[in-house]
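Listing of final_17.txt, compact mmCIF, C-alpha atoms
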# COMPACT_ATOMS: atom_id res chain seq x y z
CA MET A 1 -25.56 -30.21 -31.23
CA SER A 2 -29.06 -30.25 -32.66
CA GLU A 3 -30.97 -26.98 -33.02
CA GLU A 4 -33.69 -28.42 -30.80
CA ASN A 5 -31.26 -28.83 -27.92
CA THR A 6 -30.88 -25.49 -26.18
CA HIS A 7 -28.53 -26.76 -23.46
CA ILE A 8 -24.99 -25.87 -24.54
CA ARG A 9 -22.07 -27.70 -22.92
CA ILE A 10 -18.85 -25.69 -22.89
CA ALA A 11 -15.17 -26.50 -22.52
CA ILE A 12 -12.85 -23.60 -21.66
CA VAL A 13 -9.22 -23.82 -22.75
CA ASP A 14 -6.95 -21.04 -21.44
CA ASP A 15 -3.61 -21.07 -19.64
CA HIS A 16 -4.61 -18.26 -17.25
CA PRO A 17 -6.52 -19.53 -14.18
CA VAL A 18 -8.14 -16.14 -13.58
CA VAL A 19 -9.49 -16.08 -17.14
CA ARG A 20 -10.87 -19.59 -16.82
CA GLU A 21 -12.50 -18.82 -13.48
CA GLY A 22 -13.98 -15.58 -14.78
CA LEU A 23 -15.37 -17.18 -17.91
CA ARG A 24 -16.84 -20.09 -15.99
CA ALA A 25 -18.50 -17.81 -13.43
CA PHE A 26 -19.95 -15.59 -16.16
CA LEU A 27 -21.10 -18.32 -18.53
CA GLN A 28 -22.82 -20.34 -15.84
CA LEU A 29 -25.10 -17.41 -15.12
CA ALA A 30 -26.83 -18.28 -18.39
CA ASP A 31 -29.60 -20.84 -18.00
CA ASP A 32 -28.79 -22.58 -21.28
CA ILE A 33 -25.02 -22.93 -20.77
CA GLU A 34 -23.05 -25.42 -18.67
CA VAL A 35 -19.26 -25.39 -18.31
CA VAL A 36 -18.27 -29.05 -18.14
CA CYS A 37 -14.52 -28.85 -18.61
CA GLU A 38 -11.61 -26.44 -18.03
CA LEU A 39 -8.15 -27.06 -19.49
CA ALA A 40 -4.91 -25.08 -19.31
CA THR A 41 -2.94 -26.18 -22.39
CA GLY A 42 -3.42 -27.10 -26.01
CA GLU A 43 -1.97 -30.55 -25.37
CA ALA A 44 -4.49 -31.20 -22.59
CA ALA A 45 -7.31 -29.95 -24.79
CA VAL A 46 -6.47 -32.42 -27.55
CA GLN A 47 -5.96 -35.30 -25.14
CA VAL A 48 -9.17 -34.78 -23.20
CA LEU A 49 -11.59 -33.40 -25.77
CA GLN A 50 -10.91 -35.94 -28.50
CA ASP A 51 -12.84 -38.45 -26.38
CA ALA A 52 -16.41 -38.40 -27.70
CA ARG A 53 -17.65 -39.76 -24.38
CA LEU A 54 -17.10 -36.29 -22.92
CA ALA A 55 -20.26 -34.39 -23.81
CA VAL A 56 -19.09 -31.01 -25.12
CA ASP A 57 -20.75 -28.83 -27.74
CA VAL A 58 -18.53 -25.73 -27.92
CA VAL A 59 -14.84 -25.31 -27.08
CA VAL A 60 -13.85 -21.74 -26.18
CA MET A 61 -10.15 -21.78 -27.09
CA ASP A 62 -7.40 -19.31 -26.28
CA LEU A 63 -4.84 -19.06 -29.09
CA LYS A 64 -1.69 -18.10 -27.20
CA MET A 65 -0.73 -20.90 -24.82
CA PRO A 66 2.65 -22.34 -23.77
CA GLY A 67 3.99 -25.60 -25.09
CA PRO A 68 4.31 -27.14 -28.55
CA VAL A 69 0.54 -27.15 -29.14
CA ASP A 70 -0.88 -23.64 -29.21
CA GLY A 71 -4.54 -22.80 -29.68
CA VAL A 72 -4.46 -22.87 -33.47
CA GLU A 73 -2.78 -26.27 -33.53
CA ALA A 74 -5.19 -27.60 -30.91
CA ILE A 75 -8.11 -26.41 -33.06
CA ARG A 76 -6.61 -28.12 -36.11
CA ARG A 77 -6.11 -31.43 -34.32
CA LEU A 78 -9.51 -31.44 -32.66
CA ARG A 79 -11.16 -30.60 -35.96
CA GLU A 80 -9.63 -33.76 -37.40
CA LEU A 81 -10.17 -35.98 -34.37
CA ARG A 82 -13.68 -34.88 -33.43
CA PRO A 83 -15.36 -32.94 -36.26
CA SER A 84 -18.62 -32.49 -34.34
CA LEU A 85 -16.99 -30.08 -31.86
CA LYS A 86 -17.61 -26.38 -32.50
CA LEU A 87 -14.33 -24.57 -31.86
CA LEU A 88 -14.53 -20.87 -31.01
CA ALA A 89 -11.31 -18.84 -30.70
CA LEU A 90 -11.37 -16.29 -27.87
CA THR A 91 -8.15 -14.32 -27.75
CA SER A 92 -6.46 -11.03 -27.03
CA PHE A 93 -4.75 -11.12 -30.45
CA GLN A 94 -5.79 -8.19 -32.64
CA ASP A 95 -4.06 -9.17 -35.89
CA SER A 96 -5.77 -10.57 -38.96
CA GLU A 97 -3.22 -13.38 -39.32
CA SER A 98 -4.39 -14.91 -36.04
CA ALA A 99 -8.02 -14.73 -37.09
CA ILE A 100 -7.36 -16.31 -40.47
CA ALA A 101 -5.11 -18.98 -38.92
CA ALA A 102 -7.85 -19.95 -36.47
CA LEU A 103 -10.50 -20.09 -39.21
CA ARG A 104 -8.28 -22.10 -41.53
CA ALA A 105 -7.57 -24.53 -38.70
CA GLY A 106 -11.28 -25.20 -38.35
CA ALA A 107 -12.67 -22.66 -35.88
CA VAL A 108 -16.28 -21.61 -36.41
CA GLY A 109 -15.46 -18.15 -35.17
CA TYR A 110 -13.05 -15.67 -33.65
CA LEU A 111 -13.80 -13.25 -30.81
CA HIS A 112 -11.60 -10.86 -28.83
CA LYS A 113 -11.45 -11.22 -25.05
CA ASP A 114 -12.72 -7.67 -24.66
CA VAL A 115 -15.95 -8.48 -26.53
CA PRO A 116 -19.08 -7.25 -24.68
CA PRO A 117 -20.62 -9.98 -22.51
CA ASP A 118 -23.87 -10.12 -24.48
CA LEU A 119 -21.96 -10.63 -27.72
CA LEU A 120 -19.90 -13.40 -26.15
CA LEU A 121 -23.05 -15.24 -25.09
CA GLY A 122 -24.62 -14.68 -28.47
CA GLY A 123 -21.47 -15.85 -30.21
CA ILE A 124 -21.36 -19.07 -28.20
CA ARG A 125 -25.01 -19.77 -28.92
CA GLN A 126 -24.45 -19.14 -32.60
CA ALA A 127 -21.30 -21.28 -32.67
CA ALA A 128 -23.23 -24.14 -31.08
CA THR A 129 -25.39 -24.34 -34.20
CA GLY A 130 -22.32 -24.33 -36.46
CA ARG A 131 -22.80 -20.76 -37.65
CA MET A 132 -19.89 -18.45 -38.32
CA VAL A 133 -19.07 -16.04 -35.49
CA MET A 134 -16.87 -12.97 -35.93
CA GLU A 135 -17.15 -9.87 -33.75
CA GLN A 136 -17.02 -6.66 -35.79
CA THR A 137 -13.50 -5.55 -34.86
CA ALA A 138 -12.13 -9.02 -35.57
CA TRP A 139 -13.75 -9.01 -39.01
CA ALA A 140 -12.43 -5.50 -39.66
CA ALA A 141 -8.92 -6.70 -38.84
CA THR A 142 -9.08 -9.34 -41.54
CA GLN A 143 -10.32 -6.81 -44.07
CA ALA A 144 -7.80 -4.11 -43.14
CA ASN A 145 -4.91 -6.41 -43.97
CA GLN A 146 -4.68 -6.99 -47.71
CA SER A 147 -1.60 -9.20 -47.40
CA GLU A 148 -1.24 -12.71 -48.73
CA PRO A 149 -2.33 -14.59 -45.57
CA VAL A 150 -5.79 -13.01 -45.81
CA ALA A 151 -6.20 -13.86 -49.47
CA ARG A 152 -5.04 -17.40 -48.87
CA VAL A 153 -7.92 -18.58 -46.73
CA SER A 154 -7.66 -21.60 -48.97
CA GLU A 155 -4.57 -22.00 -51.12
CA ARG A 156 -6.42 -24.39 -53.38
CA ALA A 157 -9.21 -21.87 -53.91
CA VAL A 158 -6.84 -19.07 -54.85
CA GLU A 159 -4.69 -21.21 -57.11
CA GLY A 160 -7.73 -22.50 -58.98
CA SER A 161 -9.77 -19.31 -58.96
CA ALA A 162 -9.04 -18.31 -62.56
CA ALA A 163 -10.49 -21.52 -63.97
CA ALA A 164 -13.09 -22.10 -61.25
CA GLU A 165 -16.66 -22.83 -62.29
CA PRO A 166 -18.87 -19.83 -61.43
CA LEU A 167 -21.62 -20.16 -58.85
CA THR A 168 -25.19 -20.32 -60.08
CA ASP A 169 -27.73 -17.71 -58.96
CA ARG A 170 -29.22 -20.23 -56.52
CA GLU A 171 -25.80 -21.05 -55.09
CA LEU A 172 -25.11 -17.35 -54.62
CA ASN A 173 -28.39 -17.04 -52.74
CA VAL A 174 -27.41 -19.94 -50.51
CA LEU A 175 -23.94 -18.47 -49.98
CA GLN A 176 -25.40 -15.11 -48.93
CA ALA A 177 -27.70 -16.90 -46.49
CA MET A 178 -24.67 -18.75 -45.10
CA ALA A 179 -22.97 -15.39 -44.59
CA ARG A 180 -26.01 -14.27 -42.59
CA GLY A 181 -25.42 -17.20 -40.26
CA LEU A 182 -28.47 -19.23 -41.26
CA SER A 183 -28.55 -22.98 -40.78
CA ASN A 184 -29.38 -25.33 -43.65
CA LYS A 185 -32.93 -25.67 -42.32
CA GLU A 186 -33.35 -21.90 -42.14
CA ILE A 187 -31.90 -21.43 -45.63
CA GLY A 188 -34.32 -23.98 -47.00
CA GLY A 189 -37.25 -22.18 -45.38
CA ALA A 190 -36.11 -18.80 -46.69
CA LEU A 191 -35.56 -20.03 -50.25
CA GLY A 192 -38.47 -22.47 -50.43
CA ILE A 193 -36.32 -25.56 -50.95
CA SER A 194 -35.69 -28.68 -48.88
CA GLU A 195 -32.87 -28.96 -46.36
CA LYS A 196 -31.46 -31.84 -48.43
CA THR A 197 -31.31 -29.58 -51.50
CA VAL A 198 -29.56 -26.90 -49.44
CA LYS A 199 -26.92 -29.43 -48.42
CA VAL A 200 -26.33 -30.24 -52.09
CA HIS A 201 -25.92 -26.56 -52.91
CA VAL A 202 -23.52 -26.08 -49.99
CA SER A 203 -21.45 -29.03 -51.20
CA HIS A 204 -21.26 -27.51 -54.70
CA ILE A 205 -20.30 -24.12 -53.26
CA LEU A 206 -17.44 -25.59 -51.23
CA SER A 207 -16.22 -27.55 -54.24
CA LYS A 208 -16.33 -24.57 -56.60
CA LEU A 209 -14.59 -22.26 -54.14
CA GLY A 210 -12.05 -24.93 -53.28
CA VAL A 211 -12.60 -24.71 -49.54
CA PHE A 212 -13.35 -27.29 -46.90
CA ASP A 213 -16.11 -25.83 -44.74
CA ARG A 214 -18.77 -23.12 -44.55
CA THR A 215 -16.59 -20.72 -42.57
CA GLN A 216 -13.84 -20.72 -45.16
CA ALA A 217 -16.43 -20.31 -47.92
CA VAL A 218 -17.94 -17.21 -46.32
CA VAL A 219 -14.58 -15.62 -45.49
CA LEU A 220 -13.29 -16.18 -49.02
CA ALA A 221 -16.54 -15.02 -50.64
CA ALA A 222 -16.57 -11.85 -48.54
CA LYS A 223 -12.97 -11.18 -49.47
CA ARG A 224 -13.93 -11.44 -53.14
CA GLY A 225 -16.95 -9.18 -52.71
CA MET A 226 -19.41 -11.99 -53.47
CA VAL A 227 -21.32 -11.59 -50.20
CA GLU A 228 -21.74 -9.08 -47.41
CA ILE A 229 -21.44 -9.93 -43.72

Once more with this new file: its structure as structure tokens, please.
Amino acid sequence: MSEENTHIRIAIVDDHPVVREGLRAFLQLADDIEVVCELATGEAAVQVLQDARLAVDVVVMDLKMPGPVDGVEAIRRLRELRPSLKLLALTSFQDSESAIAALRAGAVGYLHKDVPPDLLLGGIRQAATGRMVMEQTAWAATQANQSEPVARVSERAVEGSAAAEPLTDRELNVLQAMARGLSNKEIGGALGISEKTVKVHVSHILSKLGVFDRTQAVVLAAKRGMVEI
């Protein structure tokens, strides 16, 4: 979805009909949001949403669903099949392992189902631009758990961290801006460089950290104390 397009098309994936109905009724009160699809299983989500002819910008995905394809697996498959989709985990899970699993699978964010309505709307709007979304208690859960799953946001990054090439000052500036949720265009404006140059810096950051997307880069950098969220 381009930043000029303020109309956000949503797909809701949740196995509870009441949750789907409630989310749809709430989200459609917003002038800039349209719910175009509701699905009850991870398998159905993958089957339906992989078709690029279905115009969807953000998928609001439950993590705990019956069947062989849960929310995390559905996120992983859709990330591979249709990379343009922005996948936002919305779940009742409170543990850091679920948050990290969703982010590693390719989610742009992780929110609890008890998140205040205004934060949910803001999170969806932010996710639509590809920015990282984590409600405060979800982020705190990842930081409270110092176990291996948290550290291993990217196994390749951790394994290669000792010999990894350090980030330049400019790359650190870009990384901090990424942590603030800025787009490439906004980072370029803030730092006085072109959007194309920002993309080059982002590519170098991902390579040096050994991660595969901006979300993983920010989570790993925050874990290492390189940036603040």

Next item on the list: For CA of Val200 in chain A and CA of Ala89 in chain A, quote the distance in Å rounded to one decimal.
Entry: 28.5 Å

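One distance worth recording is that between CA of Gly67 in chain A and CA of Ala107 in chain A, which is 20.1 Å.
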
Check: Between CA of Asp14 in chain A and CA of Arg131 in chain A, what is the spacing in Å?
Finding: 22.7 Å

Hey, can I get the axis-aligned box for range 190-204 of chain A? All listed atoms, 8 Å padding on each side, centre and edge lengths in Å to one decimal, as lines of an AutoDock Vina configuration file.
center_x = -29.9
center_y = -25.3
center_z = -50.5
size_x = 33.2
size_y = 29.0
size_z = 24.3

Next item on the list: Neighbourhood query: residues within 7 Å of (-23.1, -25.1, -18.7), file coordinates, counting all atoms listed in the file; return as a VMD selection string.
Entry: chain A and resid 8 to 10 28 32 to 36

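Non-sequential neighbours of Val108 in chain A (distance at most 6 Å, separation of 4 or more positions within a chain, all atoms listed in the file) are Leu87, Leu88 and Met132 of chain A.
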